[in-house]
Amino acid sequence: MVDIAILGSALSSIKTATDIAKLIKDSGTSLEKAEVKLQIAELISSLADIKMELADVQTILIEKDQNITELRNQLNTKESVVWSKPYYFVGQDEDQDGPFCQQCYDQEQKLIRLQGGGTKIWHCLSCKSHFKDSNYAREPLPQVRVIRS
Ligand SMILES: [Zn+2]
């Protein structure tokens with residue numbers, strides 16, 4: 001996983017920075033001034049690497065939080081989806097919303113609102129399915145007038 005690799009890299013940079021700081025501390029006055037400058041430059045470079053790697057980790061954590069929130073919302077919706085033949089509703093009683101297409105929800109977990117209804121057929125504008133419920137009433141046939149001469 002990329003995010004674990006970035007974290008490993010940041011930890012490695014922290015170890016490098018710590019080793020350089022220890023080297024400077026333990027050497028006391030035995031290091032030449034130029035050598036101390038070089039070690040401090042390496043220390044600063046290592047700290048800059050850590051800063052960039054931790055910024056990447058922060059971005060990844062933000063993305064993961066967004067994914068978790070999105071998945072929680074999907075789970076909450078899934079828990080409130082109610083099957084009521086021949087379609088789905090979301091929620092219960094006065095908060096109930098729908099109806100939603102059975103085909104679209106069963107195949108892709110998409111809640112597509114059905115159109116029409118009443119005494120007519122419900123239509124899904126996404127998958128083009130049609131649903132008849134108990135309110136469905138067949139249209140009366142047109143009256144044909146027979147004229148006799
Ligand atoms: Zn559909």
# chains A, B, ... in the order shown; residues from 1 in each chain; ligands from 1
>>> residues_around(residues="stretch 94-96 of chain A", least_positions_apart="6", cutoff="12 Å", atoms="only C-alpha atoms", output="list of chain:residue names")
A:Ser80, A:Val81, A:Val82, A:Trp83, A:Ser84, A:Tyr88
>>> residues_near_ligand(ligand="ligand 1", cutoff="10 Å", atoms="only C-alpha atoms and all ligand atoms", output="list in words")
Tyr87, Phe100, Cys101, Gln102, Gln103, Cys104, Tyr105, Asp106, Gln107, Glu108, Lys110, Leu111, Ile112, Arg113, Leu114, His123, Cys124, Leu125, Ser126, Cys127, Lys128, Ser129, His130 and Phe131 of chain A
>>> closest_residue(among="A:Gln109, A:Gln92, A:Thr119, A:Asn73", to="A:Arg138", atoms="only C-alpha atoms")
A:Thr119
>>> residues_around(residues="stretch 16-24 of chain A", least_positions_apart="3", cutoff="7 Å", atoms="only C-alpha atoms", output="list of chain:residue names")
A:Ser12, A:Ser13, A:Ser27, A:Gly28, A:Val36, A:Gln39, A:Leu43, A:Ser46, A:Leu47
>>> atom_distance(atom1="atom CA of A:Ile4", atom2="atom CA of A:Gln66")
18.2 Å
>>> select_by_dssp(residues="stretch 32-140 of chain A", states="strand (DSSP E)", output="list in words")
Val81, Val82, Trp83, Ser84, Tyr87, Tyr88, Phe89, Val90, Asp97, Gly98, Pro99, Phe100, Gln115, Gly116, Trp122, His123, His130 and Phe131 of chain A
>>> residues_around(residues="A:Ala10", least_positions_apart="5", cutoff="12 Å", atoms="only C-alpha atoms", output="list of chain:residue names")
A:Asp3, A:Ile4, A:Ala5, A:Lys15, A:Thr16, A:Ala17, A:Ser46, A:Leu47, A:Ala48, A:Asp49, A:Ile50, A:Lys51, A:Met52, A:Glu53, A:Leu54, A:Ala55, A:Asp56, A:Val57, A:Gln58
>>> residues_around(residues="A:Asn135", least_positions_apart="4", cutoff="9 Å", atoms="only C-alpha atoms", output="PyMOL selection string")
chain A and resi 117-121
>>> select_by_dssp(residues="stretch 35-116 of chain A", states="alpha helix (DSSP H)", output="PyMOL selection string")
chain A and resi 35-80+102-108
>>> write_last_selection(atoms="N, CA and C atoms", output="short mmCIF file (atom, residue, chain, number, x, y, z; two decimals), in the first residue's frame")
data_model
loop_
_atom_site.label_atom_id
_atom_site.label_comp_id
_atom_site.auth_asym_id
_atom_site.auth_seq_id
_atom_site.Cartn_x
_atom_site.Cartn_y
_atom_site.Cartn_z
N GLU A 35 32.66 20.61 9.20
CA GLU A 35 31.98 19.33 9.31
C GLU A 35 30.64 19.49 10.05
N VAL A 36 30.62 20.31 11.09
CA VAL A 36 29.38 20.59 11.84
C VAL A 36 28.36 21.24 10.92
N LYS A 37 28.81 22.19 10.12
CA LYS A 37 27.91 22.86 9.16
C LYS A 37 27.30 21.86 8.20
N LEU A 38 28.14 20.94 7.70
CA LEU A 38 27.66 19.92 6.76
C LEU A 38 26.62 19.02 7.42
N GLN A 39 26.90 18.60 8.67
CA GLN A 39 25.96 17.74 9.40
C GLN A 39 24.63 18.46 9.65
N ILE A 40 24.70 19.73 10.00
CA ILE A 40 23.48 20.51 10.25
C ILE A 40 22.69 20.67 8.95
N ALA A 41 23.38 20.87 7.83
CA ALA A 41 22.70 20.98 6.53
C ALA A 41 21.97 19.67 6.21
N GLU A 42 22.62 18.53 6.51
CA GLU A 42 21.97 17.23 6.29
C GLU A 42 20.77 17.05 7.21
N LEU A 43 20.92 17.55 8.44
CA LEU A 43 19.82 17.49 9.41
C LEU A 43 18.62 18.29 8.90
N ILE A 44 18.86 19.49 8.41
CA ILE A 44 17.79 20.35 7.89
C ILE A 44 17.12 19.68 6.68
N SER A 45 17.93 19.08 5.81
CA SER A 45 17.40 18.40 4.63
C SER A 45 16.51 17.22 5.04
N SER A 46 16.98 16.48 6.04
CA SER A 46 16.21 15.35 6.53
C SER A 46 14.88 15.81 7.14
N LEU A 47 14.91 16.92 7.88
CA LEU A 47 13.68 17.46 8.47
C LEU A 47 12.71 17.94 7.38
N ALA A 48 13.26 18.50 6.29
CA ALA A 48 12.41 18.95 5.18
C ALA A 48 11.72 17.75 4.52
N ASP A 49 12.49 16.63 4.38
CA ASP A 49 11.89 15.39 3.83
C ASP A 49 10.74 14.92 4.72
N ILE A 50 10.97 14.94 6.03
CA ILE A 50 9.93 14.50 6.98
C ILE A 50 8.68 15.36 6.83
N LYS A 51 8.88 16.67 6.71
CA LYS A 51 7.75 17.60 6.58
C LYS A 51 6.90 17.24 5.35
N MET A 52 7.59 16.99 4.20
CA MET A 52 6.86 16.66 2.97
C MET A 52 6.15 15.32 3.08
N GLU A 53 6.83 14.33 3.67
CA GLU A 53 6.22 13.01 3.80
C GLU A 53 5.02 13.03 4.73
N LEU A 54 5.11 13.81 5.81
CA LEU A 54 3.98 13.90 6.73
C LEU A 54 2.82 14.66 6.09
N ALA A 55 3.09 15.60 5.18
CA ALA A 55 2.02 16.29 4.46
C ALA A 55 1.27 15.29 3.59
N ASP A 56 2.02 14.35 2.95
CA ASP A 56 1.38 13.29 2.16
C ASP A 56 0.52 12.39 3.04
N VAL A 57 1.05 12.06 4.21
CA VAL A 57 0.28 11.21 5.15
C VAL A 57 -1.01 11.93 5.56
N GLN A 58 -0.90 13.25 5.81
CA GLN A 58 -2.07 14.03 6.19
C GLN A 58 -3.13 13.99 5.08
N THR A 59 -2.70 14.16 3.82
CA THR A 59 -3.63 14.11 2.69
C THR A 59 -4.32 12.75 2.61
N ILE A 60 -3.53 11.69 2.79
CA ILE A 60 -4.10 10.33 2.74
C ILE A 60 -5.12 10.13 3.86
N LEU A 61 -4.80 10.64 5.06
CA LEU A 61 -5.73 10.49 6.19
C LEU A 61 -7.03 11.24 5.94
N ILE A 62 -6.92 12.43 5.33
CA ILE A 62 -8.13 13.21 5.02
C ILE A 62 -9.00 12.44 4.02
N GLU A 63 -8.34 11.85 2.98
CA GLU A 63 -9.09 11.06 1.98
C GLU A 63 -9.75 9.86 2.63
N LYS A 64 -9.03 9.22 3.54
CA LYS A 64 -9.60 8.04 4.23
C LYS A 64 -10.80 8.46 5.09
N ASP A 65 -10.71 9.60 5.78
CA ASP A 65 -11.84 10.08 6.58
C ASP A 65 -13.07 10.33 5.69
N GLN A 66 -12.83 10.92 4.50
CA GLN A 66 -13.93 11.18 3.57
C GLN A 66 -14.56 9.86 3.11
N ASN A 67 -13.70 8.86 2.80
CA ASN A 67 -14.22 7.55 2.38
C ASN A 67 -15.04 6.91 3.49
N ILE A 68 -14.56 7.01 4.73
CA ILE A 68 -15.27 6.41 5.86
C ILE A 68 -16.64 7.08 6.02
N THR A 69 -16.67 8.42 5.92
CA THR A 69 -17.94 9.14 6.04
C THR A 69 -18.91 8.72 4.95
N GLU A 70 -18.38 8.60 3.70
CA GLU A 70 -19.22 8.20 2.57
C GLU A 70 -19.77 6.78 2.77
N LEU A 71 -18.91 5.87 3.22
CA LEU A 71 -19.35 4.49 3.45
C LEU A 71 -20.36 4.40 4.59
N ARG A 72 -20.17 5.21 5.65
CA ARG A 72 -21.14 5.24 6.75
C ARG A 72 -22.50 5.71 6.25
N ASN A 73 -22.48 6.75 5.40
CA ASN A 73 -23.75 7.25 4.84
C ASN A 73 -24.43 6.19 4.00
N GLN A 74 -23.63 5.47 3.18
CA GLN A 74 -24.19 4.39 2.35
C GLN A 74 -24.78 3.29 3.22
N LEU A 75 -24.08 2.98 4.32
CA LEU A 75 -24.56 1.93 5.22
C LEU A 75 -25.86 2.36 5.90
N ASN A 76 -25.92 3.62 6.35
CA ASN A 76 -27.15 4.13 6.98
C ASN A 76 -28.32 4.06 6.02
N THR A 77 -28.06 4.44 4.73
CA THR A 77 -29.12 4.38 3.73
C THR A 77 -29.54 2.94 3.51
N LYS A 78 -28.56 2.03 3.41
CA LYS A 78 -28.86 0.62 3.15
C LYS A 78 -29.72 0.04 4.28
N GLU A 79 -29.42 0.44 5.52
CA GLU A 79 -30.20 -0.07 6.66
C GLU A 79 -31.63 0.44 6.65
N SER A 80 -31.87 1.59 6.00
CA SER A 80 -33.22 2.15 6.03
C SER A 80 -34.01 1.83 4.76
N GLN A 102 -36.58 -1.42 -8.15
CA GLN A 102 -36.05 -2.70 -7.64
C GLN A 102 -34.85 -3.15 -8.46
N GLN A 103 -34.95 -3.05 -9.79
CA GLN A 103 -33.85 -3.50 -10.68
C GLN A 103 -32.55 -2.75 -10.36
N CYS A 104 -32.65 -1.41 -10.33
CA CYS A 104 -31.46 -0.58 -10.14
C CYS A 104 -30.84 -0.81 -8.75
N TYR A 105 -31.68 -0.97 -7.71
CA TYR A 105 -31.14 -1.16 -6.38
C TYR A 105 -30.51 -2.55 -6.23
N ASP A 106 -31.18 -3.58 -6.76
CA ASP A 106 -30.65 -4.94 -6.62
C ASP A 106 -29.35 -5.12 -7.41
N GLN A 107 -29.24 -4.48 -8.56
CA GLN A 107 -28.06 -4.69 -9.40
C GLN A 107 -26.90 -3.76 -9.05
N GLU A 108 -27.21 -2.47 -8.75
CA GLU A 108 -26.13 -1.49 -8.57
C GLU A 108 -26.20 -0.72 -7.25
#
>>> atom_distance(atom1="atom CA of A:Asp133", atom2="atom CA of A:Asp97")
16.4 Å
>>> atom_distance(atom1="atom CA of A:Ala137", atom2="atom CA of A:Gly91")
27.1 Å
